[in-house]
There are 6 protein chains.
Amino acid sequence: MYKRIDGRKPTEMRQVKIRTDYLKYAEGSVLIEAGNTRIICAVSLEDKVPPFLRGSGKGWITAEYALLPRSTHTRTARDAAKGRLSGRSQEIQRLIGRSLRAVVDLKALGERSLIVDCDVIQADGGTRTLAITGAYVAVHDTLARLVKSGALPKLPVKDFVAATSVGIVKGEMLLDLCYAEDSVADVDFNFVMTGKGKFVEVQGTGEGGFFTKSQMDAMVALARKGIADLVSLQSKTLKRE
Amino acid sequence: MYKRIDGRKPTEMRQVKIRTDYLKYAEGSVLIEAGNTRIICAVSLEDKVPPFLRGSGKGWITAEYALLPRSTHTRTARDAAKGRLSGRSQEIQRLIGRSLRAVVDLKALGERSLIVDCDVIQADGGTRTLAITGAYVAVHDTLARLVKSGALPKLPVKDFVAATSVGIVKGEMLLDLCYAEDSVADVDFNFVMTGKGKFVEVQGTGEGGFFTKSQMDAMVALARKGIADLVSLQSKTLKRE
Amino acid sequence: MYKRIDGRKPTEMRQVKIRTDYLKYAEGSVLIEAGNTRIICAVSLEDKVPPFLRGSGKGWITAEYALLPRSTHTRTARDAAKGRLSGRSQEIQRLIGRSLRAVVDLKALGERSLIVDCDVIQADGGTRTLAITGAYVAVHDTLARLVKSGALPKLPVKDFVAATSVGIVKGEMLLDLCYAEDSVADVDFNFVMTGKGKFVEVQGTGEGGFFTKSQMDAMVALARKGIADLVSLQSKTLKRE
Amino acid sequence: MYKRIDGRKPTEMRQVKIRTDYLKYAEGSVLIEAGNTRIICAVSLEDKVPPFLRGSGKGWITAEYALLPRSTHTRTARDAAKGRLSGRSQEIQRLIGRSLRAVVDLKALGERSLIVDCDVIQADGGTRTLAITGAYVAVHDTLARLVKSGALPKLPVKDFVAATSVGIVKGEMLLDLCYAEDSVADVDFNFVMTGKGKFVEVQGTGEGGFFTKSQMDAMVALARKGIADLVSLQSKTLKRE
Amino acid sequence: MYKRIDGRKPTEMRQVKIRTDYLKYAEGSVLIEAGNTRIICAVSLEDKVPPFLRGSGKGWITAEYALLPRSTHTRTARDAAKGRLSGRSQEIQRLIGRSLRAVVDLKALGERSLIVDCDVIQADGGTRTLAITGAYVAVHDTLARLVKSGALPKLPVKDFVAATSVGIVKGEMLLDLCYAEDSVADVDFNFVMTGKGKFVEVQGTGEGGFFTKSQMDAMVALARKGIADLVSLQSKTLKRE
Amino acid sequence: MYKRIDGRKPTEMRQVKIRTDYLKYAEGSVLIEAGNTRIICAVSLEDKVPPFLRGSGKGWITAEYALLPRSTHTRTARDAAKGRLSGRSQEIQRLIGRSLRAVVDLKALGERSLIVDCDVIQADGGTRTLAITGAYVAVHDTLARLVKSGALPKLPVKDFVAATSVGIVKGEMLLDLCYAEDSVADVDFNFVMTGKGKFVEVQGTGEGGFFTKSQMDAMVALARKGIADLVSLQSKTLKRE
């Protein structure tokens with residue numbers, strides 16, 4: 001059997017920890033960790049929406065994603081130093097935003113915006129999926145406060161949302177890739193799913209390899225199991241509060 | 001049955017036309033059209049590779065994607081006027097690059113780069129998938145010329161690659177969405193596949209809707225049929241030359 | 001006698017073709033070709049004007065000019081990739097804008113703007129002058145539609161406008177330079193004239209050479225003849241519609 | 001007596017905590033906290049120097065400083081989103097760099113660079129001075145590793161360096177201002193001093209007020225006491241390792 | 001005794017000349033010279049304030065600072081060519097702005113802004129302090145005109161403000177450093193003081209050296225003398241008008 | 001007869017003054033004035049050429065042009081603040097560069113570059129033509145020093161070059177337009193000519209008007225007279241040195 005670098009079984013996720021209210025000033029925030037990957041997700045609430053939604057009565061959720069320069073093995077230059085956001089950062093923050101919007105009732109939110117900043121403190125693979133999983137909790141906390149304060153009559157949340165990766169490394173199918181695995185994977189999938197087990201996003205790419213329908217089916221099954229565990233953790237975290 | 005705006009059956013693709021050698025100066029170029037969507041794909045060959053590949057003996061393929069301002073219903077401002085590439089453009093050009101690299105033997109290409117410019121003259125949905133389908137032919141032509149000139153001993157192409165979209169609109173599954181369909185789709189998938197029917201990329205998103213595994217399976221089947229037709233057209237086009 | 005690379009006589013223009021309504025969504029558009037030079041001119045109509053004209057009752061016409069990367073012999077990097085518009089592009093688009101504004105009655109246009117995108121598909125010399133010649137037809141078509149729809153009582157067009165180049169290459173005066181000629185010309189003039197034979201713009205430069213008044217006079221005469229032919233083509237094109 | 005918002009005496013600093021080796025991949029890193037202010041200082045070691053030092057045999061230390069968007073009471077837009085570094089960020093990172101270079105023997109360091117990233121997780125005043133205090137420890141750790149690995153014969157460190165602020169609020173002189181104090185201070189000083197009590201930097205500004213020489217003397221005395229405590233903590237932290 | 005490059009005594013300033021109304025269109029302007037350093041300070045008056053002051057009834061003063069490319073020994077590239085303002089320029093213009101705001105009664109100014117452009121024609125050290133000294137006169141002139149025109153009932157100026165530098169070069173304390181001295185100074189201070197001898201800003205840095213409290217005291221005394229002379233010159237200049 | 005705002009006759013130029021060696025550090029520099037227009041032209045000499053000339057044995061001359069913010073009636077924002085060079089600035093600096101290159105023997109100059117900074121201190125019309133006239137003297141001085149120092153065997157200058165404007169205002173033909181005239185001109189020409197009376201550049205534009213060949217001829221004659229005077233002043237200035 002394939003030997004994973006951190007001793008996990010192929011179908012085993014890294015241990016995930018979520019610490020809520022990590023920041024004092026944000027309307028909602030978590031520190032989420034999976035193995036060596038660590039991300040701060042912070043929600044800012046604004047009483048206005050982007051121009052295309054003004055007067056629509058609907059709210060909006062958007063995300064920003066960045067790596068701290070020394071979150072990575074060798075230093076990654078800041079996007080600010082280069083004067084432009086990298087393509088990778090933009091792609092990831094668009095994905096996070098779509099995933100969160102999928103499970104929030106934007107009509108019920110009203111003309112408010114949530115900006116979710118996902119700052120990666122340490123990056124050991126799976127940052128985009130872990131950011132989604134953590135951001136969901138921070139968003140939920142923010143919305144719960146709006147209910148508590150009377151600004152909203154009830155929680156405008158339709159379902160949980162969480163995400164994980166599955167890949168094929170040297171012929172073996174692995175759940176929740178760490179960086180060492182991700183960088184040599186032949187196939188790499190990210191799945192975003194709801195608490196009820198429906199899909200929000202599926203992104204699969206053959207990095208120097210192709211994949212078949214039956215491989216895809218197997219990866220779906222593996223992701224489903226992992227995401228169910230993440231949703232269960234989210235649920236426990238929210239109840240604990 | 002669902003009535004498509006252009007009279008097609010749900011499982012019917014738009015007619016695709018490929019005109020090769022569309023530009024006089026490019027090393028390979030096509031004008032590809034599907035319904036009202038029209039894209040120029042132009043390949044530039046350079047005898048050097050990006051820094052991370054220097055001395056590796058391997059080649060590289062990269063893509064750039066842009067909309068002409070008036071390719072769209074209302075004018076889209078140029079990225080140059082804004083001083084930065086939009087997130088959408090970056091996401092698409094990264095996808096095109098990965099798809100092409102998947103079917104070219106970069107080792108056999110040697111330390112050369114192909115830059116594939118995909119400029120959308122008119123956009124009526126499906127620009128990213130049509131760009132991949134057309135770019136493949138332009139890349140093939142460029143490489144065939146390298147063989148013809150003796151620069152390469154044989155064609156470093158492993159398989160065909162083509163792409164299409166499938167979506168769910170008002171509960172109906174539709175192949176090859178035009179813009180009017182795409183903008184109201186609940187679920188939207190892009191599939192990139194090889195001539196042998198393997199997957200290179202799968203990107204599915206629930207835009208304001210979720211999707212199930214069985215829906216995904218049905219969309220895969222529909223895309224497979226469409227891509228087979230595209231590969232057949234690519235093959236005929238290349239033989240005709 | 002000097003032998004031109006494409007067999008033309010010194011005083012002979014390249015054949016010009018204009019295809020109207022080239023784009024489906026633009027309010028007016030043409031594909032104009034002269035020899036190997038090919039440009040798409042697309043007009044966008046907006047019901048507002050720049051800040052300095054608000055409340056003035058006057059309209060405005062502005063242009064943007066860009067080369068597709070592979071319109072040129074070797075690839076030209078996109079301005080967007082460099083994050084700024086090149087000096088050459090800005091100079092040309094300012095010229096196109098001035099030339100069009102000169103023949104349109106901006107007062108009669110009312111507080112509306114036309115943005116004219118001139119995208120060069122293939123560049124073999126003379127792109128700025130051909131862009132003006134083609135843009136005039138696209139602007140005319142846009143304005144004619146405003147009349148047809150009843151938005152304007154009559155066509156706010158004062159005259160035709162067209163442009164061509166004249167240069168001195170190895171002592172020979174040549175009309176309508178192609179790229180191979182332009183790149184070795186000692187003197188290079190662009191003339192923009194109206195249908196009635198008046199001047200709108202004259203730009204002459206001694207690229208590594210000087211020129212005399214009598215040479216200038218001869219170039220003016222040559223340009224006049226060429227522009228008369230272009231105006232005649234514009235007129236025929238507009239009647240044909 | 002003036003009542004400070006967090007109950008401190010005027011001459012009392014906030015409690016400072018330093019956690020070393022906070023990041024797995026950085027060559028040296030700390031999490032430093034003073035009250036609600038929290039900063040990650042991460043050192044990256046490079047075997048090259050900026051162009052102006054090449055061939056000089058001397059090393060270099062530079063710093064980058066950034067606020068996480070939600071480190072502040074209301075969200076601060078990222079410099080990357082604006083495409084340029086703010087004046088305040090540049091001013092602070094130049095100060096941090098100078099302070100660290102003052103106590104490191106750059107000749108003995110050899111042609112190596114240290115890049116010190118100071119990322120503010122939470123900002124409650126005093127971020128620039130706390131960043132210097134924390135960065136010193138992270139730099140010391142990095143250099144100690146170079147000694148341990150044999151790359152350097154001995155530690156190229158000349159002295160400790162630490163920093164704090166003193167201000168005048170409603171006539172009262174306060175040590176180590178928190179944000180609520182800083183934002184209403186009439187006079188605001190930052191002092192950077194060595195372990196031996198010499199000055200590296202003094203920056204004082206009358207924000208809507210002036211100050212006299214005798215006030216400046218009193219502020220110097222207060223800062224000296226605070227910095228001595230910080231150096232003592234740095235020393236204990238480094239011994240503990 | 002230390003021999004200064006231009007023959008001055010250690011405690012001697014360079015001769016300063018101020019020419020008022022140097023520019024025809026600015027609301028207030030001076031050409032100020034100290035030795036070879038020459039700066040144009042030009043004030044623009046606007047009847048609006050930045051967003052954060054709108055409706056506050058208060059005015060604002062801001063500064064911009066730039067070097068002409070050939071003000072320096074070797075050419076300094078323009079910030080515009082690099083597309084961003086250098087950190088040094090930003091730091092200086094923030095200092096100039098703070099210094100001027102300190103002596104103007106912004107409440108009495110009302111909702112007006114002064115923009116003070118300090119353009120260095122020739123730079124031989126001390127540009128930031130000379131800019132403050134000159135800008136004060138240009139601001140005073142602008143405000144005096146507002147009084148003369150009846151727009152303001154009385155001059156909203158609380159005191160003079162002027163600035164100079166003191167440094168330690170090879171152990172000698174020098175007043176008003178020229179470039180040759182500044183570039184080798186171990187310690188470098190800039191002092192901004194009012195006509196009544198109070199401090200507005202103190203910025204001292206040990207460039208490759210530390211400094212003691214008693215050295216700082218001596219530098220303060222030296223600066224005080226120099227600034228008194230500058231204020232006297234400002235006073236004479238304003239009376240002369 | 002048309003009454004000019006400054007009392008000049010239609011065919012009369014403003015008085016031009018040239019002060020050489022205006023800057024201490026530039027290799028050549030002048031302050032040139034025509035009426036209220038004042039420009040500093042400063043030449044920087046570099047012992048290298050742009051990439052496209054390396055190894056060619058040929059030199060290069062390039063120009064940069066900028067307005068000081070308060071050179072104009074109302075403040076003009078700096079290009080640096082906007083992060084990009086304006087189209088107008090680029091157009092002008094390209095014109096200045098071409099004009100100077102036309103009269104310098106770049107082959108004889110060898111692989112050296114001259115960068116000519118033209119900074120407008122005060123702008124009252126005609127800045128681009130006055131910049132050319134002044135820059136010629138500064139370039140000549142720089143080259144004369146290269147001859148004097150033995151770096152060049154003889155002056156690589158082929159002829160004088162100077163420039164002026166001619167326009168049609170309310171039907172009257174005027175030489176050397178000031179701003180008030182330029183802003184209402186129907187036709188506006190800039191001429192760049194050599195000492196021998198040949199043309200280097202001709203740029204004419206009908207700003208809201210057209211012009212005929214006979215008007216153009218009259219404008220040429222008027223410019224010729226003005227430029228002869230400018231060349232005579234240049235000649236006297238250079239002899240005086």
# chains A, B, ... in the order shown; residues from 1 in each chain; ligands from 1
call {"tool": "calpha_fit_and_write", "arguments": {"fixed": "chain F", "moving": "chain A", "output": "compact mmCIF listing (two decimals) with C-alpha atoms, in the first residue's frame"}}
result
# COMPACT_ATOMS: atom_id res chain seq x y z
CA MET A 1 -6.89 93.45 -37.49
CA TYR A 2 -7.10 90.67 -34.93
CA LYS A 3 -6.02 91.89 -31.48
CA ARG A 4 -3.78 89.42 -29.68
CA ILE A 5 -4.18 89.09 -25.93
CA ASP A 6 -0.58 90.10 -25.29
CA GLY A 7 -0.46 92.87 -27.85
CA ARG A 8 1.66 91.02 -30.40
CA LYS A 9 1.22 91.35 -34.16
CA PRO A 10 -0.12 88.15 -35.80
CA THR A 11 3.29 87.31 -37.21
CA GLU A 12 5.25 88.17 -34.09
CA MET A 13 6.79 85.58 -31.81
CA ARG A 14 7.05 85.96 -28.05
CA GLN A 15 10.50 86.97 -26.82
CA VAL A 16 12.58 83.88 -26.15
CA LYS A 17 15.34 83.73 -23.53
CA ILE A 18 17.74 80.86 -23.07
CA ARG A 19 19.87 80.48 -19.94
CA THR A 20 22.47 77.74 -20.30
CA ASP A 21 24.00 75.59 -17.55
CA TYR A 22 20.91 76.13 -15.45
CA LEU A 23 21.48 72.96 -13.41
CA LYS A 24 24.71 72.05 -11.65
CA TYR A 25 24.60 68.27 -12.04
CA ALA A 26 23.17 67.69 -15.53
CA GLU A 27 25.61 67.08 -18.37
CA GLY A 28 23.82 69.88 -20.25
CA SER A 29 20.87 72.04 -19.25
CA VAL A 30 18.95 75.19 -20.12
CA LEU A 31 16.10 77.23 -18.79
CA ILE A 32 14.18 78.43 -21.83
CA GLU A 33 11.35 80.99 -21.69
CA ALA A 34 8.89 82.34 -24.24
CA GLY A 35 6.54 84.84 -22.63
CA ASN A 36 5.08 83.04 -19.64
CA THR A 37 6.10 79.58 -20.78
CA ARG A 38 9.18 78.33 -18.93
CA ILE A 39 10.87 74.95 -19.35
CA ILE A 40 13.94 73.30 -17.88
CA CYS A 41 15.69 71.00 -20.37
CA ALA A 42 18.28 68.74 -18.76
CA VAL A 43 20.44 66.17 -20.51
CA SER A 44 21.74 63.01 -18.85
CA LEU A 45 24.48 61.08 -20.57
CA GLU A 46 24.69 57.32 -20.19
CA ASP A 47 27.30 54.95 -21.53
CA LYS A 48 24.79 52.40 -22.71
CA VAL A 49 21.99 52.12 -25.25
CA PRO A 50 18.56 50.44 -25.27
CA PRO A 51 18.56 46.68 -25.99
CA PHE A 52 17.60 47.06 -29.67
CA LEU A 53 20.83 49.02 -30.34
CA ARG A 54 23.32 46.99 -28.32
CA GLY A 55 26.29 46.05 -30.43
CA SER A 56 25.16 48.31 -33.28
CA GLY A 57 27.76 50.98 -32.59
CA LYS A 58 24.95 53.57 -32.69
CA GLY A 59 23.78 55.94 -29.97
CA TRP A 60 20.29 57.02 -28.97
CA ILE A 61 18.43 60.10 -27.75
CA THR A 62 15.20 59.89 -25.85
CA ALA A 63 13.10 62.52 -24.06
CA GLU A 64 10.76 62.74 -21.10
CA TYR A 65 8.23 65.53 -20.74
CA ALA A 66 6.22 66.54 -17.71
CA LEU A 67 4.24 69.46 -16.42
CA LEU A 68 4.88 70.58 -12.84
CA PRO A 69 1.44 70.37 -11.23
CA ARG A 70 1.15 74.12 -10.86
CA SER A 71 2.60 75.07 -14.22
CA THR A 72 -1.02 75.31 -15.38
CA HIS A 73 -3.95 77.63 -14.59
CA THR A 74 -5.59 75.01 -12.45
CA ARG A 75 -3.55 72.23 -10.91
CA THR A 76 -2.74 69.25 -13.14
CA ALA A 77 -2.42 65.98 -11.22
CA ARG A 78 0.98 64.30 -11.48
CA ASP A 79 1.24 61.31 -13.78
CA ALA A 80 2.90 59.48 -10.85
CA ALA A 81 -0.19 59.98 -8.69
CA LYS A 82 -2.27 58.35 -11.42
CA GLY A 83 0.28 55.60 -11.81
CA ARG A 84 0.56 56.04 -15.56
CA LEU A 85 1.90 58.51 -18.06
CA SER A 86 -0.84 60.49 -19.84
CA GLY A 87 -1.32 60.02 -23.57
CA ARG A 88 -0.49 63.67 -24.15
CA SER A 89 2.83 63.42 -22.28
CA GLN A 90 3.83 60.33 -24.21
CA GLU A 91 2.94 61.88 -27.55
CA ILE A 92 5.03 64.96 -26.76
CA GLN A 93 8.07 63.14 -25.51
CA ARG A 94 8.10 60.92 -28.57
CA LEU A 95 8.02 64.04 -30.76
CA ILE A 96 10.91 65.68 -28.87
CA GLY A 97 13.00 62.52 -29.11
CA ARG A 98 12.45 62.14 -32.88
CA SER A 99 13.27 65.81 -33.52
CA LEU A 100 16.58 65.64 -31.68
CA ARG A 101 17.61 62.33 -33.21
CA ALA A 102 17.02 63.82 -36.66
CA VAL A 103 19.91 66.30 -36.32
CA VAL A 104 22.42 64.21 -34.38
CA ASP A 105 24.69 61.72 -36.12
CA LEU A 106 23.85 58.70 -33.94
CA LYS A 107 26.56 56.60 -35.59
CA ALA A 108 29.20 59.18 -34.68
CA LEU A 109 27.80 59.41 -31.13
CA GLY A 110 28.69 55.76 -30.53
CA GLU A 111 26.94 53.53 -28.02
CA ARG A 112 25.87 56.31 -25.70
CA SER A 113 22.40 57.56 -24.73
CA LEU A 114 21.19 61.03 -24.02
CA ILE A 115 18.03 61.32 -21.92
CA VAL A 116 16.53 64.77 -22.23
CA ASP A 117 14.17 65.74 -19.41
CA CYS A 118 11.86 68.59 -20.34
CA ASP A 119 10.07 69.81 -17.23
CA VAL A 120 7.58 72.59 -17.72
CA ILE A 121 7.75 75.07 -14.85
CA GLN A 122 5.07 77.29 -16.32
CA ALA A 123 2.82 76.54 -19.27
CA ASP A 124 1.32 79.28 -21.44
CA GLY A 125 1.08 77.44 -24.75
CA GLY A 126 3.76 76.10 -27.05
CA THR A 127 5.45 73.87 -24.51
CA ARG A 128 6.28 71.07 -26.93
CA THR A 129 7.85 73.34 -29.52
CA LEU A 130 9.76 75.40 -26.96
CA ALA A 131 11.01 72.16 -25.35
CA ILE A 132 12.50 71.11 -28.71
CA THR A 133 14.14 74.50 -29.20
CA GLY A 134 15.66 74.46 -25.71
CA ALA A 135 16.58 70.79 -25.72
CA TYR A 136 18.65 71.30 -28.85
CA VAL A 137 20.92 73.74 -26.99
CA ALA A 138 21.25 71.44 -23.97
CA VAL A 139 22.09 68.51 -26.23
CA HIS A 140 24.62 70.59 -28.15
CA ASP A 141 26.30 71.60 -24.88
CA THR A 142 26.47 68.00 -23.74
CA LEU A 143 28.03 66.86 -27.00
CA ALA A 144 30.47 69.78 -27.04
CA ARG A 145 31.70 68.61 -23.63
CA LEU A 146 32.25 65.13 -25.00
CA VAL A 147 34.41 66.66 -27.73
CA LYS A 148 36.27 68.84 -25.22
CA SER A 149 37.01 65.87 -22.98
CA GLY A 150 38.33 63.92 -25.93
CA ALA A 151 35.59 61.31 -25.79
CA LEU A 152 34.46 62.29 -29.28
CA PRO A 153 36.72 63.50 -32.12
CA LYS A 154 34.19 66.00 -33.44
CA LEU A 155 30.70 67.28 -32.78
CA PRO A 156 28.15 64.71 -34.07
CA VAL A 157 25.60 67.40 -34.92
CA LYS A 158 24.27 67.70 -38.45
CA ASP A 159 22.20 70.87 -38.18
CA PHE A 160 20.20 73.08 -35.84
CA VAL A 161 16.65 72.09 -34.97
CA ALA A 162 13.93 74.38 -33.61
CA ALA A 163 10.14 74.42 -33.54
CA THR A 164 7.16 76.70 -33.35
CA SER A 165 3.39 76.70 -33.71
CA VAL A 166 1.06 78.44 -36.13
CA GLY A 167 -2.70 78.53 -35.82
CA ILE A 168 -5.86 79.99 -37.21
CA VAL A 169 -7.96 81.86 -34.68
CA LYS A 170 -11.19 83.51 -35.84
CA GLY A 171 -9.90 83.47 -39.39
CA GLU A 172 -6.57 85.09 -38.54
CA MET A 173 -3.29 83.26 -38.96
CA LEU A 174 -1.13 83.64 -35.84
CA LEU A 175 2.48 82.70 -35.14
CA ASP A 176 3.53 81.15 -31.80
CA LEU A 177 0.18 80.68 -30.03
CA CYS A 178 -0.11 81.38 -26.33
CA TYR A 179 -2.53 79.27 -24.28
CA ALA A 180 -5.49 81.64 -24.62
CA GLU A 181 -5.11 81.51 -28.41
CA ASP A 182 -4.37 77.82 -28.63
CA SER A 183 -7.48 76.87 -26.69
CA VAL A 184 -9.79 78.57 -29.22
CA ALA A 185 -7.83 77.88 -32.43
CA ASP A 186 -9.70 76.27 -35.32
CA VAL A 187 -6.49 74.95 -36.81
CA ASP A 188 -3.26 74.27 -34.96
CA PHE A 189 0.11 73.39 -36.53
CA ASN A 190 3.45 72.49 -35.01
CA PHE A 191 6.49 72.71 -37.27
CA VAL A 192 9.94 71.35 -36.52
CA MET A 193 12.63 72.56 -38.91
CA THR A 194 16.39 72.51 -39.30
CA GLY A 195 18.77 75.44 -39.56
CA LYS A 196 18.88 74.90 -43.31
CA GLY A 197 15.12 75.26 -43.53
CA LYS A 198 14.17 71.64 -44.11
CA PHE A 199 11.32 69.99 -42.28
CA VAL A 200 11.71 67.35 -39.60
CA GLU A 201 8.10 67.18 -38.43
CA VAL A 202 4.81 68.73 -39.44
CA GLN A 203 1.74 68.15 -37.31
CA GLY A 204 -1.44 69.96 -38.18
CA THR A 205 -4.89 69.40 -36.85
CA GLY A 206 -8.25 70.98 -37.48
CA GLU A 207 -9.73 71.26 -34.02
CA GLY A 208 -13.33 71.76 -34.98
CA GLY A 209 -12.36 73.15 -38.37
CA PHE A 210 -10.86 72.02 -41.63
CA PHE A 211 -8.06 73.66 -43.55
CA THR A 212 -7.11 73.99 -47.19
CA LYS A 213 -3.85 73.53 -49.06
CA SER A 214 -3.40 77.26 -49.49
CA GLN A 215 -3.90 77.87 -45.76
CA MET A 216 -1.33 75.20 -45.10
CA ASP A 217 1.10 76.92 -47.46
CA ALA A 218 0.64 80.22 -45.65
CA MET A 219 1.23 78.57 -42.29
CA VAL A 220 4.40 76.94 -43.57
CA ALA A 221 5.72 80.32 -44.65
CA LEU A 222 4.94 81.91 -41.32
CA ALA A 223 6.57 79.07 -39.36
CA ARG A 224 9.67 79.24 -41.54
CA LYS A 225 10.20 82.87 -40.55
CA GLY A 226 9.69 82.14 -36.84
CA ILE A 227 11.99 79.16 -36.82
CA ALA A 228 14.72 81.11 -38.59
CA ASP A 229 14.65 83.58 -35.67
CA LEU A 230 14.84 80.75 -33.14
CA VAL A 231 17.79 79.17 -34.90
CA SER A 232 19.52 82.52 -34.92
CA LEU A 233 19.00 82.79 -31.14
CA GLN A 234 20.30 79.24 -30.64
CA SER A 235 23.35 80.09 -32.67
CA LYS A 236 24.05 83.26 -30.69
CA THR A 237 23.56 81.41 -27.41
CA LEU A 238 26.02 78.71 -28.36
CA LYS A 239 28.63 81.23 -29.54
CA ARG A 240 28.30 83.27 -26.37
CA GLU A 241 29.35 80.36 -24.21
call {"tool": "select_by_dssp", "arguments": {"residues": "range 42-190 of chain E", "states": "helix (DSSP H, G or I)", "output": "NGL selection string"}}
result
:E and (51-53 or 69-71 or 79-82 or 87-103 or 106-109 or 127-148 or 179-182)
call {"tool": "write_last_selection", "arguments": {"atoms": "C-alpha atoms", "output": "compact mmCIF listing (two decimals), in the first residue's frame"}}
result
# COMPACT_ATOMS: atom_id res chain seq x y z
CA PRO E 51 -14.11 62.79 2.15
CA PHE E 52 -13.23 62.25 5.82
CA LEU E 53 -13.65 66.00 6.50
CA PRO E 69 15.06 63.67 -12.67
CA ARG E 70 18.20 65.73 -13.05
CA SER E 71 18.09 67.47 -9.69
CA ASP E 79 8.03 57.96 -10.13
CA ALA E 80 5.57 58.16 -13.04
CA ALA E 81 7.84 56.01 -15.21
CA LYS E 82 7.81 53.37 -12.49
CA GLY E 87 8.56 55.15 -0.32
CA ARG E 88 10.97 58.04 0.28
CA SER E 89 8.74 60.52 -1.59
CA GLN E 90 5.67 59.41 0.33
CA GLU E 91 7.45 59.66 3.67
CA ILE E 92 8.62 63.19 2.88
CA GLN E 93 5.31 64.48 1.63
CA ARG E 94 3.53 63.16 4.70
CA LEU E 95 6.07 65.01 6.88
CA ILE E 96 5.60 68.29 5.00
CA GLY E 97 1.83 68.02 5.24
CA ARG E 98 1.87 67.36 9.02
CA SER E 99 4.28 70.24 9.65
CA LEU E 100 2.13 72.77 7.81
CA ARG E 101 -1.13 71.57 9.35
CA ALA E 102 0.42 72.02 12.81
CA VAL E 103 0.62 75.82 12.47
CA LEU E 106 -7.81 74.32 10.10
CA LYS E 107 -11.11 75.17 11.74
CA ALA E 108 -10.68 78.82 10.85
CA LEU E 109 -9.66 77.87 7.30
CA THR E 127 15.43 68.98 0.61
CA ARG E 128 12.71 67.92 3.03
CA THR E 129 13.55 70.56 5.64
CA LEU E 130 13.99 73.32 3.07
CA ALA E 131 10.68 72.35 1.48
CA ILE E 132 8.93 72.88 4.83
CA THR E 133 10.63 76.24 5.33
CA GLY E 134 9.67 77.43 1.85
CA ALA E 135 6.20 75.92 1.87
CA TYR E 136 5.34 77.89 4.99
CA VAL E 137 5.89 81.16 3.13
CA ALA E 138 3.86 80.01 0.11
CA VAL E 139 1.02 78.88 2.38
CA HIS E 140 1.14 82.16 4.29
CA ASP E 141 0.90 84.11 1.03
CA THR E 142 -2.07 82.05 -0.11
CA LEU E 143 -3.91 82.60 3.15
CA ALA E 144 -3.08 86.31 3.22
CA ARG E 145 -4.75 86.56 -0.19
CA LEU E 146 -7.86 84.89 1.18
CA VAL E 147 -7.95 87.53 3.90
CA LYS E 148 -7.35 90.34 1.41
CA TYR E 179 24.56 65.95 0.36
CA ALA E 180 28.25 65.06 0.70
CA GLU E 181 27.92 65.26 4.49
CA ASP E 182 24.53 63.59 4.70
